[in-house]
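Okay, structure first, notes after.
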Amino acid sequence: MVSGAFLVRSTPESLPVKSRKLPAAFDKGLKPWSSKLPRWAKMVCYILLSTLTAASLPITIAFSDSILEFVMIWGITYFGVSAEFVVGHVYVHDDFMDMLYNPSEAVDHDGVKFAFVHHYLDIRCFDKFWLEYRVMYFGVGTPNMMFAYPCYFLLAKVLSASYGFALALTLARMTWWHFQTVTHEWYHCPESKRRTYWFITRMIFRIAETMNIINTMEHKVHHKHGLNNPEDVEQWTDTWTFKFFDSYGDWIWKRLLEERKAGKKKSLFNLFETQLNFAWVGTIAVSITLKKLLSVLL
Ligand SMILES: [Zn+2]
Ligand SMILES: [Zn+2]
């Protein structure tokens with residue numbers, strides 16, 4: 001049961017601060033993930049993810065026709081994953097708004113609940129439950145996400161007519177998502193616990209931090225807002241990218257808040273599915289177009 005205050009669709013500004021309680025499910029100590037998988041099975045999934053991540057480098061080398069194509073696969077995929085991250089992140093915060101103000105419309109997704117706990121209840125939940133967190137990003141226990149990689153591979157295969165290139169694109173995407181996942185965990189990990197990371201992982205993250213690809217201090221800006229002002233979110237990216245990506249997140253967020261205030265349903269363009277499909281299909285299309293262009297030029 002959820003407090004009646006949340007059942008009324010209201011503008012955030014019209015709700016008095018005292019009515020902004022947590023959804024009742026969280027008061028009862030609900031775990032932010034409900035995967036029934038035993039720990040050993042999660043561990044097997046994570047070993048598989050780590051192996052695929054390690055294999056992605058030799059596989060992309062093997063299926064690249066030139067160094068430029070290799071750089072292109074990793075570069076375009078990095079920006080594609082950044083775009084997917086921004087889109088996913090904006091919509092996770094939009095779901096937080098539903099959880100707080102309009103729970104009948106909130107999605108029942110473990111990832112969103114986990115993220116809610118991270119933002120408003122226990123900021124350390126990612127590194128405390130690192131295995132659950134990492135396998136969930138991989139799609140374990142979240143059926144709609146489990147189809148993401150096979151779909152990515154199949155579309156890349158259909159468009160490029162090469163199993164090798166489709167595999168390289170899919171594994172590069174998986175690897176950048178793995179990097180995104182551990183980055184957020186790293187941001188909230190105290191220095192003493194960072195020493196428990198495998199030394200290669202630690203080295204990768206220290207180098208990334210030195211190069212400003214990731215920035216622990218900057219991530220604090222994203223956590224400036226709280227339950228009293230969940231609409232005042234800033235900074236949608238966790239890893240370095242062009243300013244445009246963050247501005248795009250701001251723009252979508254503003255549109256979603258305006259539609260929410262007006263009590264309207266989300267317009268087709270503002271639907272999560274539209275935005276996400278645009279990002280991942282776009283990444284594959286740009287990669288394949290550039291591959292064809294490179295094969296003509298070289
Ligand atoms: Zn966030
Ligand atoms: Zn965070």
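Chain identifiers are assigned as A, B, and so on, following the order in which chains appear in the structure tokens; residues are numbered from 1 within each chain, and ligands are numbered from 1 in order of appearance.
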
Taking 6 positions as the minimum chain separation for residues in the same chain, which residues sit within 7 Å of Gln235 in chain A when counting only C-alpha atoms? Answer as a PDB file with N, CA and C atoms, in the first residue's frame.
```
ATOM      1  N   VAL A 221      28.046  16.567  -8.272  1.00  0.00           N
ATOM      2  CA  VAL A 221      27.050  17.557  -8.735  1.00  0.00           C
ATOM      3  C   VAL A 221      25.702  16.868  -8.989  1.00  0.00           C
ATOM      4  N   HIS A 222      25.776  15.647  -9.524  1.00  0.00           N
ATOM      5  CA  HIS A 222      24.539  14.929  -9.847  1.00  0.00           C
ATOM      6  C   HIS A 222      23.742  14.570  -8.581  1.00  0.00           C
ATOM      7  N   ASP A 246      24.941  16.089 -22.529  1.00  0.00           N
ATOM      8  CA  ASP A 246      24.350  16.557 -21.281  1.00  0.00           C
ATOM      9  C   ASP A 246      23.194  17.527 -21.561  1.00  0.00           C
TER      10      ASP A 246
END
```

Counting only C-alpha atoms and all ligand atoms, what residues are within 12 Å of ligand 1, given as a short mmCIF file (atom, residue, chain, number, x, y, z; two decimals) with C-alpha atoms, in the first residue's frame?
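Final output, result_14.cif:
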```cif
data_model
loop_
_atom_site.label_atom_id
_atom_site.label_comp_id
_atom_site.auth_asym_id
_atom_site.auth_seq_id
_atom_site.Cartn_x
_atom_site.Cartn_y
_atom_site.Cartn_z
CA PHE A 85 23.23 6.14 -20.87
CA VAL A 86 21.87 9.71 -20.98
CA VAL A 87 18.51 8.53 -22.32
CA GLY A 88 18.27 5.71 -19.76
CA HIS A 89 19.34 8.01 -16.94
CA VAL A 90 16.74 10.70 -17.73
CA TYR A 91 14.00 8.08 -17.83
CA VAL A 92 15.13 6.48 -14.57
CA HIS A 93 14.68 9.90 -12.91
CA ASP A 94 11.31 10.26 -14.61
CA ASP A 95 10.34 6.93 -13.04
CA PHE A 96 11.48 8.28 -9.66
CA GLY A 111 17.13 -1.43 -11.95
CA VAL A 112 14.97 1.63 -11.29
CA LYS A 113 14.37 0.59 -7.67
CA PHE A 114 18.07 -0.04 -7.18
CA ALA A 115 18.85 3.40 -8.64
CA PHE A 116 16.20 4.98 -6.35
CA VAL A 117 17.92 3.44 -3.33
CA HIS A 118 21.26 4.77 -4.59
CA HIS A 119 19.95 8.31 -5.05
CA TYR A 120 17.81 8.73 -1.98
CA ILE A 123 24.32 6.02 -1.81
CA HIS A 184 29.45 4.60 -11.14
CA HIS A 219 29.75 13.19 -10.11
CA LYS A 220 28.90 14.84 -6.78
CA VAL A 221 27.05 17.56 -8.74
CA HIS A 222 24.54 14.93 -9.85
CA HIS A 223 23.76 14.09 -6.21
CA LYS A 224 23.11 17.67 -5.09
CA HIS A 225 19.34 17.20 -5.40
CA GLY A 226 17.32 15.10 -2.94
CA PRO A 230 13.78 15.46 -7.30
CA GLU A 231 13.10 17.65 -10.36
CA ASP A 232 16.36 19.63 -9.95
CA VAL A 233 18.65 17.03 -11.50
CA GLU A 234 21.89 18.12 -13.13
CA GLN A 235 24.55 16.28 -15.08
CA TRP A 236 23.31 13.20 -16.91
CA THR A 237 26.63 11.71 -18.00
CA ASP A 238 29.04 9.68 -15.86
CA GLY A 249 19.53 15.14 -21.33
CA TRP A 253 14.12 16.19 -18.86
#
```

_Top pick for closest residue to Phe153 in chain A, considering A:Ile47, A:Ile284, A:Ala106, A:Ile59 and counting only C-alpha atoms_ = A:Ile284

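The list of residues with at least one atom within 12 Å of Thr51 in chain A, based on only C-alpha atoms and without residues fewer than 6 positions apart in the same chain, reads Val44, Cys45, Leu57, Pro58, Ile59, Leu171, Met174, Thr175 and His178 of chain A.
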
*Exercise: Arg195 in chain A partners within 12 Å, only C-alpha atoms, chain neighbours under 5 positions left out, as a list in words*: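 Surrounding residues, per the criterion: Trp186, Cys189, Pro190, Ile200, Thr201, Arg202, Met203, Phe205 and Arg206 of chain A.
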
*Which residue, A:Asn102, A:Ser56, A:Thr283, A:Thr183, has the smallest gap to ligand 2 when you use only C-alpha atoms and all ligand atoms?*
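Ranked by minimum distance to ligand 2, first place goes to A:Thr183.
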
_From the options A:Trp251, A:Tyr152, A:Phe147, A:Phe272, which residue's atoms come nearest to Phe165 in chain A, counting only C-alpha atoms?_
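Using only C-alpha atoms, Phe165 in chain A sits closest to A:Tyr152.
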
*State, in Å with one decimal place, the distance from CA of Cys125 in chain A to CA of Tyr137 in chain A.*
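Separating CA of Cys125 in chain A from CA of Tyr137 in chain A is a distance of 14.2 Å.
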
*Find the spatial neighbours of Val81 in chain A, counting only C-alpha atoms, within a cut-off of 8 Å - ignore same-chain residues fewer than 3 positions away - and output them as a PyMOL selection string.*
chain A and resi 77-78+84-85+173+176-177+280
